[in-house]
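See below for the structure under consideration.
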Amino acid sequence: HRVHYGYIFHAMVSTHLVYRKNAFDSFDSIFCVGEYQINEIRNTERIYNLKPKKLIKSGYTHLDNLIKKYSIVNKEEGKQTQILLAPSWGKNGLFETIIEEVIEILLNSKYKVILRPHPMSLKLSKKKIKSIKKKFLENYNFKLELDLPNFDSFLFSDIMISDWSGVALEFAFAFEKPILYIDVPKKINNSDFKNIPNIPIEVSIREKIGKIILPSEIESIPNQIENLKMDLHKIKEEIKKIRENTIFNIGNSEKKIAESIIEILNESKK
């Protein structure tokens with residue numbers, strides 16, 4: 001069949017760690033978020049002797065949408081510090097292991113806490129969700145966010161706590177706010193990821209946009225939060241610089257993707 005298969009990313013993460021080994025092999029065109037994905041895919045093609053794909057410097061539409069929607073909303077100043085917990089999913093992830101201990105530490109330190117579970121956690125970890133509701137929902141400083149298409153909590157939260165979730169990059173790059181990473185084991189869906197020489201962006205960027213602590217250090221979370229708040233201006237400037245140097249077509253990705261699809265269609269008619 002004369003079909004041209006294209007892929008548009010739903011996350012800003014790298015292509016060779018959380019995606020499966022052959023995830024992109026059969027696509028003809030891939031709309032890349034940044035140069036790092038182009039380099040990873042080209043190295044994958046070279047190492048596994050794959051047919052070269054058309055790699056388009058598109059950018060990331062979801063990031064553009066977040067920036068556009070929330071740039072006109074004023075954040076309330078001088079309010080209680082709000083922490084957004086947005087973990088990934090998987091048996092070794094933050095949600096599946098020590099999330100309740102982290103919530104308890106935050107609430108005991110008088111922070112407002114919003115837990116935003118991954119959609120797969122909502123589907124696969126119903127017993128854990130039930131336990132969290134029973135334990136924390138009566139605390140007026142705690143909210144379990146189940147309306148996942150709504151990103152208001154990103155705007156009104158001061159710091160995100162995450163593990164290996166790609167949503168941390170969205171929070172940092174859209175809202176220019178820091179991430180506190182809890183260093184649970186990597187989420188690896190490609191056991192051969194080290195064959196590709198590029199360091200995944202979700203590994204290389206962590207210390208540049210926030211702070212990393214071990215699971216054994218979660219008692220220090222309140223101190224880490226206060227330190228991040230003190231360094232907020234410096235971190236904000238660093239995030240802006242990294243974003244500009246990392247992501248293609250900020251604010252213009254939809255137009256670029258549309259033009260590229262039209263170009264592909266026109267080429268197919270020749």
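Ordering of the structure tokens sets the chain letters (A, B, ...), residue numbers begin anew at 1 in every chain, and ligands are numbered from 1 in the order given.
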Give me, as a JSON list (two decimals) with N, CA and C atoms, in the first residue's frame, the residues of range 152-184 of chain A that a backbone DSSP run labels strand (DSSP E).
[["chain", "number", "residue", "atom", "x", "y", "z"],
["A", 159, "ILE", "N", 6.34, 24.11, 42.64],
["A", 159, "ILE", "CA", 7.38, 23.13, 42.36],
["A", 159, "ILE", "C", 6.69, 21.81, 42.04],
["A", 160, "MET", "N", 7.27, 21.07, 41.10],
["A", 160, "MET", "CA", 6.78, 19.72, 40.82],
["A", 160, "MET", "C", 7.74, 18.70, 41.42],
["A", 161, "ILE", "N", 7.17, 17.65, 42.00],
["A", 161, "ILE", "CA", 7.96, 16.49, 42.41],
["A", 161, "ILE", "C", 7.62, 15.35, 41.46],
["A", 162, "SER", "N", 8.65, 14.75, 40.87],
["A", 162, "SER", "CA", 8.42, 13.69, 39.90],
["A", 162, "SER", "C", 9.55, 12.67, 39.99],
["A", 179, "ILE", "N", 11.92, 21.39, 39.17],
["A", 179, "ILE", "CA", 11.48, 20.02, 39.47],
["A", 179, "ILE", "C", 12.35, 19.46, 40.59],
["A", 180, "LEU", "N", 11.72, 18.82, 41.55],
["A", 180, "LEU", "CA", 12.44, 18.02, 42.54],
["A", 180, "LEU", "C", 12.26, 16.56, 42.13],
["A", 181, "TYR", "N", 13.35, 15.95, 41.68],
["A", 181, "TYR", "CA", 13.31, 14.56, 41.21],
["A", 181, "TYR", "C", 13.65, 13.61, 42.35],
["A", 182, "ILE", "N", 12.82, 12.59, 42.51],
["A", 182, "ILE", "CA", 13.14, 11.51, 43.43],
["A", 182, "ILE", "C", 13.68, 10.35, 42.60]]
Taking only C-alpha atoms into account, produce a table as a Markdown table in which each residue of range 174-259 of chain A with an atom at most 12 Å from an atom of range 32-50 of chain A appears once, together with its shortest atom pair and the distance in Å to one decimal, ordered by chain and rising number.
| residue | atom | partner | partner_atom | distance |
| --- | --- | --- | --- | --- |
| A:Asp192 | CA | A:Thr44 | CA | 10.9 |
| A:Phe193 | CA | A:Thr44 | CA | 9.7 |
| A:Lys194 | CA | A:Thr44 | CA | 10.9 |
| A:Asn195 | CA | A:Ile47 | CA | 8.0 |
| A:Ile196 | CA | A:Thr44 | CA | 6.4 |
| A:Pro197 | CA | A:Asn43 | CA | 7.7 |
| A:Asn198 | CA | A:Glu40 | CA | 6.2 |
| A:Ile199 | CA | A:Glu40 | CA | 9.0 |
| A:Pro200 | CA | A:Tyr36 | CA | 8.3 |
| A:Ile201 | CA | A:Tyr36 | CA | 7.5 |
| A:Glu202 | CA | A:Tyr36 | CA | 11.1 |
| A:Ser204 | CA | A:Tyr36 | CA | 11.1 |
| A:Ile205 | CA | A:Tyr36 | CA | 11.7 |
| A:Ile242 | CA | A:Gly34 | CA | 11.4 |
| A:Arg243 | CA | A:Gly34 | CA | 9.8 |
| A:Glu244 | CA | A:Gly34 | CA | 10.2 |
| A:Asn245 | CA | A:Gly34 | CA | 8.8 |
| A:Thr246 | CA | A:Gly34 | CA | 5.6 |
| A:Ile247 | CA | A:Gly34 | CA | 4.6 |
| A:Phe248 | CA | A:Gly34 | CA | 5.3 |
| A:Asn249 | CA | A:Val33 | CA | 8.7 |
| A:Ile250 | CA | A:Val33 | CA | 9.7 |
| A:Asn252 | CA | A:Val33 | CA | 11.9 |
| A:Ser253 | CA | A:Val33 | CA | 9.0 |
| A:Glu254 | CA | A:Val33 | CA | 11.7 |
| A:Lys256 | CA | A:Cys32 | CA | 11.0 |
| A:Ile257 | CA | A:Cys32 | CA | 9.9 |
Fill in: Given only C-alpha atoms as the counted atoms, nearest of A:Ser260, A:Asn108, A:Ser268, A:Asn190 to Ala23 in chain A
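Smallest distance to Ala23 in chain A is found for A:Asn190.
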Item to complete: Tell me, as a PyMOL selection string, which residues lie within 9 Å of Lys21 in chain A, counting only C-alpha atoms; anything in the same chain fewer than 3 positions away does not count.
Response: chain A and resi 15-17+24-25+189-193
Discussion item. Could you go through range 87-229 of chain A and tell me which residues DSSP, when run on the backbone, assigns to alpha helix (DSSP H), listing them as number ranges by chain?
Written reply: A: 94-97, 99-108, 119-124, 126-136, 152-156, 167-175, 201-204, 221-229
Item to complete: Extract, using only C-alpha atoms, all DNA, RNA and protein residues at most 9 Å from Lys54 in chain A, discarding same-chain residues fewer than 4 positions from it, and format them as a list in words.
Response: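 Counting only the stated atoms, we get Phe27, Asp28, Ser29, Ile30 and Phe31 of chain A.
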Worksheet entry | Atom pair CA of Lys187 in chain A / CA of Val18 in chain A: separation (Å) |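 That distance, rounded to one decimal, is 6.1 Å.
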Practice prompt. In Å, rounded to a single decimal, give me how far CA of His4 in chain A is from CA of Lys255 in chain A.
Written response: 19.7 Å
